[in-house]
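Structure file final.cif (mmCIF, C-alpha atoms) follows.
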```cif
data_start
loop_
_atom_site.group_PDB
_atom_site.id
_atom_site.type_symbol
_atom_site.label_atom_id
_atom_site.label_comp_id
_atom_site.auth_asym_id
_atom_site.auth_seq_id
_atom_site.Cartn_x
_atom_site.Cartn_y
_atom_site.Cartn_z
ATOM 1 C CA MET A 1 4.362 -39.218 -0.453
ATOM 2 C CA GLU A 2 2.608 -42.574 -0.481
ATOM 3 C CA ASP A 3 3.160 -44.983 2.372
ATOM 4 C CA PRO A 4 6.176 -47.140 1.335
ATOM 5 C CA LEU A 5 4.795 -49.990 3.458
ATOM 6 C CA GLU A 6 1.574 -50.134 1.453
ATOM 7 C CA GLN A 7 3.265 -52.398 -1.106
ATOM 8 C CA PHE A 8 3.466 -55.141 1.552
ATOM 9 C CA ALA A 9 -0.257 -55.112 2.358
ATOM 10 C CA ILE A 10 -2.071 -58.427 1.975
ATOM 11 C CA LYS A 11 -5.142 -57.973 -0.247
ATOM 12 C CA LYS A 12 -7.906 -60.522 -0.604
ATOM 13 C CA ILE A 13 -8.703 -61.622 -4.146
ATOM 14 C CA ILE A 14 -11.148 -64.416 -3.340
ATOM 15 C CA PRO A 15 -12.506 -64.079 0.225
ATOM 16 C CA TRP A 16 -13.091 -67.428 1.917
ATOM 17 C CA ASN A 17 -13.925 -67.924 5.579
ATOM 18 C CA VAL A 18 -14.338 -71.399 7.072
ATOM 19 C CA ASN A 19 -15.557 -71.678 10.675
ATOM 20 C CA GLY A 20 -13.854 -68.435 11.625
ATOM 21 C CA TYR A 21 -10.615 -69.244 9.791
ATOM 22 C CA ASP A 22 -9.624 -66.866 7.020
ATOM 23 C CA LEU A 23 -8.545 -69.020 4.051
ATOM 24 C CA SER A 24 -8.874 -66.281 1.455
ATOM 25 C CA PHE A 25 -6.903 -66.363 -1.777
ATOM 26 C CA THR A 26 -4.688 -63.262 -1.627
ATOM 27 C CA ASN A 27 -2.162 -61.379 -3.728
ATOM 28 C CA SER A 28 0.524 -63.270 -1.820
ATOM 29 C CA SER A 29 -1.045 -66.614 -2.777
ATOM 30 C CA LEU A 30 -1.299 -65.491 -6.393
ATOM 31 C CA CYS A 31 2.394 -64.556 -6.569
ATOM 32 C CA MET A 32 3.395 -67.873 -4.983
ATOM 33 C CA LEU A 33 1.420 -69.770 -7.623
ATOM 34 C CA ALA A 34 2.863 -67.540 -10.334
ATOM 35 C CA THR A 35 6.378 -68.270 -9.048
ATOM 36 C CA VAL A 36 5.821 -72.027 -9.134
ATOM 37 C CA ALA A 37 4.213 -71.824 -12.599
ATOM 38 C CA PHE A 38 7.092 -69.693 -13.928
ATOM 39 C CA VAL A 39 9.744 -72.098 -12.626
ATOM 40 C CA VAL A 40 7.917 -75.121 -14.111
ATOM 41 C CA LEU A 41 7.448 -73.393 -17.469
ATOM 42 C CA VAL A 42 11.106 -72.340 -17.646
ATOM 43 C CA ILE A 43 12.268 -75.882 -16.873
ATOM 44 C CA CYS A 44 9.906 -77.334 -19.491
ATOM 45 C CA PHE A 45 11.073 -74.756 -22.042
ATOM 46 C CA CYS A 46 14.769 -75.421 -21.355
ATOM 47 C CA LEU A 47 14.319 -79.200 -21.599
ATOM 48 C CA ARG A 48 11.931 -79.201 -24.553
ATOM 49 C CA LYS A 49 14.608 -80.348 -27.004
ATOM 50 C CA ARG A 50 17.282 -82.131 -25.020
ATOM 51 C CA SER A 51 20.463 -83.204 -26.740
ATOM 52 C CA ILE A 52 23.914 -84.528 -25.902
ATOM 53 C CA VAL A 53 25.345 -81.223 -27.061
ATOM 54 C CA PRO A 54 23.219 -78.826 -24.998
ATOM 55 C CA THR A 55 21.545 -75.812 -26.490
ATOM 56 C CA LYS A 56 21.852 -72.431 -24.785
ATOM 57 C CA ARG A 57 18.661 -72.860 -22.781
ATOM 58 C CA GLN A 58 19.587 -76.420 -21.798
ATOM 59 C CA ALA A 59 23.079 -75.252 -20.819
ATOM 60 C CA PHE A 60 21.528 -72.521 -18.652
ATOM 61 C CA LEU A 61 19.406 -75.034 -16.748
ATOM 62 C CA GLU A 62 22.310 -77.457 -16.389
ATOM 63 C CA ALA A 63 24.514 -74.649 -15.054
ATOM 64 C CA LEU A 64 21.826 -73.750 -12.514
ATOM 65 C CA TYR A 65 21.475 -77.407 -11.524
ATOM 66 C CA ASP A 66 25.259 -77.736 -11.142
ATOM 67 C CA PHE A 67 25.284 -74.602 -8.985
ATOM 68 C CA VAL A 68 22.716 -76.095 -6.611
ATOM 69 C CA GLN A 69 24.623 -79.383 -6.590
ATOM 70 C CA SER A 70 27.772 -77.512 -5.575
ATOM 71 C CA ILE A 71 25.905 -76.020 -2.595
ATOM 72 C CA ILE A 72 24.740 -79.493 -1.583
ATOM 73 C CA GLY A 73 28.193 -80.990 -2.085
ATOM 74 C CA ASP A 74 29.848 -78.331 0.086
ATOM 75 C CA THR A 75 27.357 -78.726 2.933
ATOM 76 C CA LEU A 76 25.844 -82.216 2.832
ATOM 77 C CA GLY A 77 28.512 -84.183 0.973
ATOM 78 C CA HIS A 78 27.543 -87.557 -0.517
ATOM 79 C CA GLU A 79 24.522 -87.682 1.820
ATOM 80 C CA GLY A 80 22.987 -84.809 -0.125
ATOM 81 C CA ALA A 81 22.366 -86.748 -3.345
ATOM 82 C CA LYS A 82 18.821 -87.663 -2.295
ATOM 83 C CA PHE A 83 18.005 -84.031 -1.483
ATOM 84 C CA VAL A 84 18.971 -82.505 -4.843
ATOM 85 C CA SER A 85 15.409 -82.111 -6.137
ATOM 86 C CA LEU A 86 14.214 -80.629 -2.854
ATOM 87 C CA ILE A 87 17.062 -78.118 -2.554
ATOM 88 C CA PHE A 88 16.823 -77.195 -6.246
ATOM 89 C CA SER A 89 13.106 -76.478 -5.783
ATOM 90 C CA LEU A 90 13.837 -74.423 -2.661
ATOM 91 C CA PHE A 91 16.490 -72.288 -4.350
ATOM 92 C CA THR A 92 14.466 -71.583 -7.503
ATOM 93 C CA PHE A 93 11.293 -70.838 -5.510
ATOM 94 C CA VAL A 94 13.014 -68.330 -3.220
ATOM 95 C CA ALA A 95 15.129 -66.751 -5.988
ATOM 96 C CA VAL A 96 12.231 -66.269 -8.405
ATOM 97 C CA GLY A 97 9.946 -65.140 -5.567
ATOM 98 C CA ASN A 98 12.510 -62.501 -4.573
ATOM 99 C CA MET A 99 12.936 -61.230 -8.126
ATOM 100 C CA MET A 100 9.221 -61.262 -8.904
ATOM 101 C CA GLY A 101 8.749 -58.620 -6.237
ATOM 102 C CA LEU A 102 10.775 -56.201 -8.390
ATOM 103 C CA LEU A 103 8.169 -56.273 -11.153
ATOM 104 C CA PRO A 104 5.541 -53.509 -11.271
ATOM 105 C CA TYR A 105 2.172 -54.408 -9.696
ATOM 106 C CA SER A 106 3.676 -57.576 -8.271
ATOM 107 C CA PHE A 107 4.003 -58.632 -4.632
ATOM 108 C CA THR A 108 7.043 -59.732 -2.641
ATOM 109 C CA PHE A 109 5.769 -62.677 -0.610
ATOM 110 C CA THR A 110 9.306 -63.376 0.638
ATOM 111 C CA SER A 111 9.125 -60.116 2.593
ATOM 112 C CA HIS A 112 6.371 -61.560 4.804
ATOM 113 C CA ILE A 113 7.332 -63.476 7.932
ATOM 114 C CA ALA A 114 4.250 -65.698 7.634
ATOM 115 C CA ALA A 115 5.210 -66.987 4.172
ATOM 116 C CA VAL A 116 8.939 -67.407 4.768
ATOM 117 C CA GLY A 117 8.378 -68.619 8.324
ATOM 118 C CA THR A 118 6.115 -71.420 7.141
ATOM 119 C CA LEU A 119 8.812 -72.544 4.702
ATOM 120 C CA SER A 120 11.468 -72.362 7.422
ATOM 121 C CA VAL A 121 9.370 -74.336 9.926
ATOM 122 C CA PHE A 122 8.764 -76.960 7.248
ATOM 123 C CA PHE A 123 12.519 -77.410 6.880
ATOM 124 C CA LEU A 124 12.933 -77.570 10.655
ATOM 125 C CA LEU A 125 10.429 -80.440 10.785
ATOM 126 C CA LEU A 126 12.229 -82.016 7.830
ATOM 127 C CA ASN A 127 15.513 -81.784 9.723
ATOM 128 C CA ILE A 128 13.992 -83.505 12.758
ATOM 129 C CA TYR A 129 12.422 -86.220 10.596
ATOM 130 C CA TYR A 130 15.608 -87.052 8.693
ATOM 131 C CA GLY A 131 17.692 -86.713 11.851
ATOM 132 C CA LEU A 132 15.562 -89.360 13.595
ATOM 133 C CA ARG A 133 15.455 -91.495 10.463
ATOM 134 C CA HIS A 134 19.207 -91.358 9.898
ATOM 135 C CA ARG A 135 20.455 -91.495 13.492
ATOM 136 C CA GLY A 136 17.542 -92.919 15.430
ATOM 137 C CA LEU A 137 17.537 -91.991 19.096
ATOM 138 C CA GLY A 138 21.129 -90.851 18.660
ATOM 139 C CA PHE A 139 19.643 -87.674 17.199
ATOM 140 C CA PHE A 140 18.850 -86.528 20.742
ATOM 141 C CA ARG A 141 22.563 -86.652 21.584
ATOM 142 C CA SER A 142 22.722 -83.326 19.724
ATOM 143 C CA PHE A 143 21.021 -81.723 22.711
ATOM 144 C CA PHE A 144 23.649 -83.002 25.124
ATOM 145 C CA PRO A 145 27.069 -83.559 23.480
ATOM 146 C CA GLU A 146 29.093 -86.547 24.565
ATOM 147 C CA GLY A 147 31.695 -85.816 27.216
ATOM 148 C CA MET A 148 29.686 -83.123 28.988
ATOM 149 C CA PRO A 149 29.183 -83.664 32.743
ATOM 150 C CA TRP A 150 25.602 -84.639 33.578
ATOM 151 C CA ILE A 151 25.389 -81.854 36.132
ATOM 152 C CA MET A 152 25.340 -79.445 33.169
ATOM 153 C CA ALA A 153 22.288 -81.116 31.585
ATOM 154 C CA PRO A 154 19.686 -78.677 33.034
ATOM 155 C CA LEU A 155 21.588 -75.837 31.368
ATOM 156 C CA ILE A 156 22.883 -77.394 28.128
ATOM 157 C CA ILE A 157 19.689 -79.160 26.993
ATOM 158 C CA PRO A 158 17.437 -76.036 27.108
ATOM 159 C CA VAL A 159 20.134 -73.970 25.392
ATOM 160 C CA GLU A 160 20.574 -76.538 22.591
ATOM 161 C CA THR A 161 16.797 -76.830 22.208
ATOM 162 C CA LEU A 162 16.409 -73.068 21.877
ATOM 163 C CA SER A 163 19.308 -73.042 19.434
ATOM 164 C CA MET A 164 17.526 -75.548 17.200
ATOM 165 C CA LEU A 165 14.201 -73.715 17.402
ATOM 166 C CA ALA A 166 15.933 -70.415 16.598
ATOM 167 C CA LYS A 167 17.200 -71.684 13.243
ATOM 168 C CA PRO A 168 13.945 -71.138 11.301
ATOM 169 C CA PHE A 169 13.522 -67.773 13.043
ATOM 170 C CA SER A 170 16.967 -66.587 11.918
ATOM 171 C CA LEU A 171 16.363 -67.812 8.361
ATOM 172 C CA THR A 172 13.016 -66.048 8.226
ATOM 173 C CA ILE A 173 14.116 -62.697 9.644
ATOM 174 C CA ARG A 174 17.240 -62.535 7.465
ATOM 175 C CA LEU A 175 15.318 -63.060 4.222
ATOM 176 C CA ALA A 176 12.185 -61.042 5.079
ATOM 177 C CA VAL A 177 14.072 -57.998 6.356
ATOM 178 C CA ASN A 178 16.458 -57.841 3.400
ATOM 179 C CA MET A 179 13.596 -58.041 0.919
ATOM 180 C CA SER A 180 11.551 -55.427 2.783
ATOM 181 C CA VAL A 181 14.321 -52.840 3.165
ATOM 182 C CA GLY A 182 15.321 -52.933 -0.510
ATOM 183 C CA HIS A 183 11.756 -52.490 -1.740
ATOM 184 C CA ILE A 184 11.101 -49.633 0.690
ATOM 185 C CA MET A 185 14.155 -47.800 -0.658
ATOM 186 C CA LEU A 186 12.932 -48.275 -4.229
ATOM 187 C CA GLU A 187 9.514 -46.879 -3.270
ATOM 188 C CA VAL A 188 11.010 -43.838 -1.532
ATOM 189 C CA PHE A 189 13.367 -42.931 -4.367
ATOM 190 C CA GLY A 190 10.589 -43.542 -6.909
ATOM 191 C CA THR A 191 8.477 -40.936 -5.086
ATOM 192 C CA PHE A 192 11.389 -38.484 -5.173
ATOM 193 C CA ILE A 193 11.645 -38.916 -8.958
ATOM 194 C CA ILE A 194 8.066 -37.669 -9.336
ATOM 195 C CA ALA A 195 8.351 -34.939 -6.701
ATOM 196 C CA MET A 196 11.629 -33.344 -7.827
ATOM 197 C CA LYS A 197 10.590 -32.993 -11.501
ATOM 198 C CA ILE A 198 13.507 -30.912 -12.879
ATOM 199 C CA PHE A 199 16.186 -32.638 -10.813
ATOM 200 C CA GLY A 200 14.427 -35.986 -10.912
ATOM 201 C CA PHE A 201 17.366 -37.513 -12.800
ATOM 202 C CA ILE A 202 19.306 -37.623 -9.510
ATOM 203 C CA PRO A 203 16.911 -39.979 -7.668
ATOM 204 C CA LEU A 204 16.309 -41.741 -11.009
ATOM 205 C CA PHE A 205 20.003 -42.627 -11.243
ATOM 206 C CA ALA A 206 19.986 -43.661 -7.584
ATOM 207 C CA ASP A 207 16.886 -45.784 -8.182
ATOM 208 C CA MET A 208 18.546 -47.529 -11.137
ATOM 209 C CA CYS A 209 21.588 -48.316 -8.999
ATOM 210 C CA ILE A 210 19.374 -49.652 -6.216
ATOM 211 C CA ILE A 211 17.470 -51.838 -8.690
ATOM 212 C CA MET A 212 20.714 -53.375 -9.963
ATOM 213 C CA PHE A 213 21.908 -53.887 -6.407
ATOM 214 C CA GLU A 214 18.516 -55.308 -5.397
ATOM 215 C CA ILE A 215 18.699 -57.905 -8.194
ATOM 216 C CA PHE A 216 22.061 -58.995 -6.792
ATOM 217 C CA VAL A 217 20.627 -59.074 -3.257
ATOM 218 C CA THR A 218 17.633 -61.207 -4.300
ATOM 219 C CA LEU A 219 19.924 -63.882 -5.726
ATOM 220 C CA LEU A 220 22.375 -63.590 -2.843
ATOM 221 C CA GLN A 221 19.625 -64.014 -0.251
ATOM 222 C CA ALA A 222 18.274 -67.062 -2.086
ATOM 223 C CA TYR A 223 21.793 -68.524 -2.037
ATOM 224 C CA ILE A 224 22.247 -67.775 1.683
ATOM 225 C CA TYR A 225 18.817 -69.162 2.588
ATOM 226 C CA THR A 226 19.473 -72.355 0.621
ATOM 227 C CA THR A 227 23.003 -72.793 1.971
ATOM 228 C CA LEU A 228 21.947 -72.352 5.596
ATOM 229 C CA SER A 229 19.041 -74.770 5.098
ATOM 230 C CA CYS A 230 21.546 -77.338 3.827
ATOM 231 C CA VAL A 231 23.906 -76.642 6.735
ATOM 232 C CA TYR A 232 21.130 -77.169 9.272
ATOM 233 C CA LEU A 233 20.076 -80.372 7.524
ATOM 234 C CA SER A 234 23.702 -81.533 7.553
ATOM 235 C CA GLN A 235 23.891 -80.940 11.297
ATOM 236 C CA ALA A 236 20.711 -82.963 11.826
ATOM 237 C CA ILE A 237 21.896 -86.057 9.929
ATOM 238 C CA SER A 238 25.556 -85.868 10.902
ATOM 239 C CA ASP A 239 26.815 -88.764 13.020
ATOM 240 C CA GLU A 240 29.360 -86.514 14.695
ATOM 241 C CA GLU A 241 28.446 -85.235 18.154
#
```

As structure tokens:
Amino acid sequence: MEDPLEQFAIKKIIPWNVNGYDLSFTNSSLCMLATVAFVVLVICFCLRKRSIVPTKRQAFLEALYDFVQSIIGDTLGHEGAKFVSLIFSLFTFVAVGNMMGLLPYSFTFTSHIAAVGTLSVFFLLLNIYYGLRHRGLGFFRSFFPEGMPWIMAPLIIPVETLSMLAKPFSLTIRLAVNMSVGHIMLEVFGTFIIAMKIFGFIPLFADMCIIMFEIFVTLLQAYIYTTLSCVYLSQAISDEE
């Protein structure tokens, strides 16, 4: 049986080392670029011939756009109008990245903490930036809610700070673990199909069921990741203490 974790190995395509820093172009980098290129091409294809009465491909893109808008409306309200493009890009990038990992000879970059963690930290910094921009110094009231006795400050402020810093960690672990576990199961059952030969139809059927379930999970995890990112952004710009 092959190592089911081998599919998550980072492989260098174009080695590049600068002053001791490894900046190599890897299979993970390639799949990220492929994901962005695929999303851009699909959008261009769907909007190639726009009309008042939408075609099927235009209707598909509009339905996807409306879906993302509904997420923003439920979490950010009217304040979310200026974030539509950003959140739409986030959802499509994560969703396509998740699904691309199901293709043969592809790579699931969303299963790596480094890739997802970088995206999560970026949104944490974005939350802080828009929180300060929208609320000014009032943003720091989030670390010590109004009405709390000052004697509790040494306890409440560190707890609230850790809570904020834990948000990107929770987003990262949730997405990376779910993507990793599903792909490991597919690898294990795929090995059983080859090993069992005569009774290989049993793990084959199980593998087909897992693939269908994994497709659902990839979209669900993209939805959860996007929704929680919007919720955290809403908390940062909210005027309520």

Next on the checklist: Once the PyMOL selection byres ((chain A and resi 163-169) around 7) has been evaluated on this model, what residues remain selected, and can you format them as a list in words?
Outcome noted: Gly117, Ser120, Val121, Leu124, Val159, Glu160, Thr161, Leu162, Ser170, Leu171, Thr172 and Ile173 of chain A

Checklist entry - With all atoms listed in the file as the atoms that count, which of A:Ala114, A:Leu76, A:Leu33, A:Leu64 lies nearest to A:Ile10? => result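 Comparing A:Ala114, A:Leu76, A:Leu33, A:Leu64 against A:Ile10, the winner is A:Ala114.
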
Closest pair table for stretch 73-158 of chain A residues within 9 Å of stretch 178-185 of chain A, only C-alpha atoms, as a Markdown table:
```
| residue | atom | partner | partner_atom | distance |
| --- | --- | --- | --- | --- |
| A:Asn98 | CA | A:Met179 | CA | 7.2 |
| A:Gly101 | CA | A:His183 | CA | 8.2 |
| A:Leu102 | CA | A:His183 | CA | 7.7 |
| A:Thr108 | CA | A:Met179 | CA | 7.6 |
| A:Thr110 | CA | A:Met179 | CA | 6.9 |
| A:Ser111 | CA | A:Met179 | CA | 5.2 |
| A:His112 | CA | A:Ser180 | CA | 8.3 |
```

Writing out the chosen residues with C-alpha atoms as a PDB file, in the coordinates of the input:
```
ATOM      1  CA  ASN A  98      12.510 -62.501  -4.573  1.00  0.00           C
ATOM      2  CA  GLY A 101       8.749 -58.620  -6.237  1.00  0.00           C
ATOM      3  CA  LEU A 102      10.775 -56.201  -8.390  1.00  0.00           C
ATOM      4  CA  THR A 108       7.043 -59.732  -2.641  1.00  0.00           C
ATOM      5  CA  THR A 110       9.306 -63.376   0.638  1.00  0.00           C
ATOM      6  CA  SER A 111       9.125 -60.116   2.593  1.00  0.00           C
ATOM      7  CA  HIS A 112       6.371 -61.560   4.804  1.00  0.00           C
TER       8      HIS A 112
END
```

Item to check | Exercise: A:Leu228 partners within 12 Å, all atoms listed in the file, chain neighbours under 3 positions left out, as JSON, numbers by chain | outcome: {"A": [71, 72, 74, 75, 76, 87, 90, 91, 120, 123, 124, 167, 168, 170, 171, 172, 174, 175, 221, 222, 223, 224, 225, 231, 232, 233, 234, 235]}

Save the residues we just selected, C-alpha atoms, as a PDB file, keeping the file's coordinate frame?
```
ATOM      1  CA  ILE A  71      25.905 -76.020  -2.595  1.00  0.00           C
ATOM      2  CA  ILE A  72      24.740 -79.493  -1.583  1.00  0.00           C
ATOM      3  CA  ASP A  74      29.848 -78.331   0.086  1.00  0.00           C
ATOM      4  CA  THR A  75      27.357 -78.726   2.933  1.00  0.00           C
ATOM      5  CA  LEU A  76      25.844 -82.216   2.832  1.00  0.00           C
ATOM      6  CA  ILE A  87      17.062 -78.118  -2.554  1.00  0.00           C
ATOM      7  CA  LEU A  90      13.837 -74.423  -2.661  1.00  0.00           C
ATOM      8  CA  PHE A  91      16.490 -72.288  -4.350  1.00  0.00           C
ATOM      9  CA  SER A 120      11.468 -72.362   7.422  1.00  0.00           C
ATOM     10  CA  PHE A 123      12.519 -77.410   6.880  1.00  0.00           C
ATOM     11  CA  LEU A 124      12.933 -77.570  10.655  1.00  0.00           C
ATOM     12  CA  LYS A 167      17.200 -71.684  13.243  1.00  0.00           C
ATOM     13  CA  PRO A 168      13.945 -71.138  11.301  1.00  0.00           C
ATOM     14  CA  SER A 170      16.967 -66.587  11.918  1.00  0.00           C
ATOM     15  CA  LEU A 171      16.363 -67.812   8.361  1.00  0.00           C
ATOM     16  CA  THR A 172      13.016 -66.048   8.226  1.00  0.00           C
ATOM     17  CA  ARG A 174      17.240 -62.535   7.465  1.00  0.00           C
ATOM     18  CA  LEU A 175      15.318 -63.060   4.222  1.00  0.00           C
ATOM     19  CA  GLN A 221      19.625 -64.014  -0.251  1.00  0.00           C
ATOM     20  CA  ALA A 222      18.274 -67.062  -2.086  1.00  0.00           C
ATOM     21  CA  TYR A 223      21.793 -68.524  -2.037  1.00  0.00           C
ATOM     22  CA  ILE A 224      22.247 -67.775   1.683  1.00  0.00           C
ATOM     23  CA  TYR A 225      18.817 -69.162   2.588  1.00  0.00           C
ATOM     24  CA  VAL A 231      23.906 -76.642   6.735  1.00  0.00           C
ATOM     25  CA  TYR A 232      21.130 -77.169   9.272  1.00  0.00           C
ATOM     26  CA  LEU A 233      20.076 -80.372   7.524  1.00  0.00           C
ATOM     27  CA  SER A 234      23.702 -81.533   7.553  1.00  0.00           C
ATOM     28  CA  GLN A 235      23.891 -80.940  11.297  1.00  0.00           C
TER      29      GLN A 235
END
```

Checklist entry - Written as a PyMOL selection string, what is the full residue list that the PyMOL selection byres ((chain A and resi 130-137) around 8) yields on the file shown? => result chain A and resi 126-129+138-141+236-239

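In this structure, atom CA of A:Met100 sits 9.6 Å away from atom CA of A:Thr218.
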
Item to check | Point-to-point distance from atom CA of A:Ala9 to atom CA of A:Leu41, Å rounded to tenths | outcome: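 Spanning atom CA of A:Ala9 to atom CA of A:Leu41 is a straight-line distance of 28.0 Å.
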
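You will find atom CA of A:Cys230 at 10.2 Å from atom CA of A:Gly77.
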
Checklist entry - Pick the closest to A:Leu103 from A:Ser89, A:Leu219, A:Pro149, A:Glu214: which is it, counting all atoms listed in the file? => result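 Looking at the shortest contact to A:Leu103, the residue is A:Glu214.
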
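Comparing the minimum interatomic distances between A:Lys11 and each of A:Thr92, A:Ser51, A:Ser106, A:Ser85, counting only C-alpha atoms, we find that A:Ser106 sits nearest.
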
Checklist entry - Of the candidates A:Gly73, A:Phe107, A:Phe144, A:Thr226, which shows the shortest atom-to-atom distance to A:Thr26, using only C-alpha atoms? => result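 The closest residue to A:Thr26 is A:Phe107.
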
Checklist entry - Which one is closest to A:Cys31: A:Phe122, A:Tyr105, A:Phe88, A:Phe67? Count all atoms listed in the file. => result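 Result for the nearest residue to A:Cys31: A:Tyr105.
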
Item to check | Using all atoms listed in the file: which of A:Phe60, A:Trp150, A:Phe109, A:Phe213 has the shortest distance to A:Ala95 | outcome: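 Nearest to A:Ala95: A:Phe109.
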
Next on the checklist: Just want the 8 Å neighbourhood of stretch 46-50 of chain A, counted on all atoms listed in the file, with same-chain residues fewer than 6 positions away dropped. Output as number ranges by chain.
Outcome noted: A: 57-58, 60-61

Please save C-alpha atoms of the selected residues as an mmCIF file, in the coordinates of the input.
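Listed below is the output, out-v1.cif:
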```cif
data_model
loop_
_atom_site.group_PDB
_atom_site.id
_atom_site.type_symbol
_atom_site.label_atom_id
_atom_site.label_comp_id
_atom_site.auth_asym_id
_atom_site.auth_seq_id
_atom_site.Cartn_x
_atom_site.Cartn_y
_atom_site.Cartn_z
ATOM 1 C CA ARG A 57 18.661 -72.860 -22.781
ATOM 2 C CA GLN A 58 19.587 -76.420 -21.798
ATOM 3 C CA PHE A 60 21.528 -72.521 -18.652
ATOM 4 C CA LEU A 61 19.406 -75.034 -16.748
#
```

Given 6 Å on each side, where is the centre and what are the edge lengths in Å to one decimal of the axis-aligned box enclosing the listed atoms of stretch 98-114 of chain A, as lines of an AutoDock Vina configuration file?
```
center_x = 7.6
center_y = -59.6
center_z = -1.7
size_x = 22.8
size_y = 24.2
size_z = 31.2
```

Item to check | For A:Ile13: contacts at 12 Å, only C-alpha atoms, fewer than 6 positions along chain excluded, given as a PyMOL selection string | outcome: chain A and resi 23-31
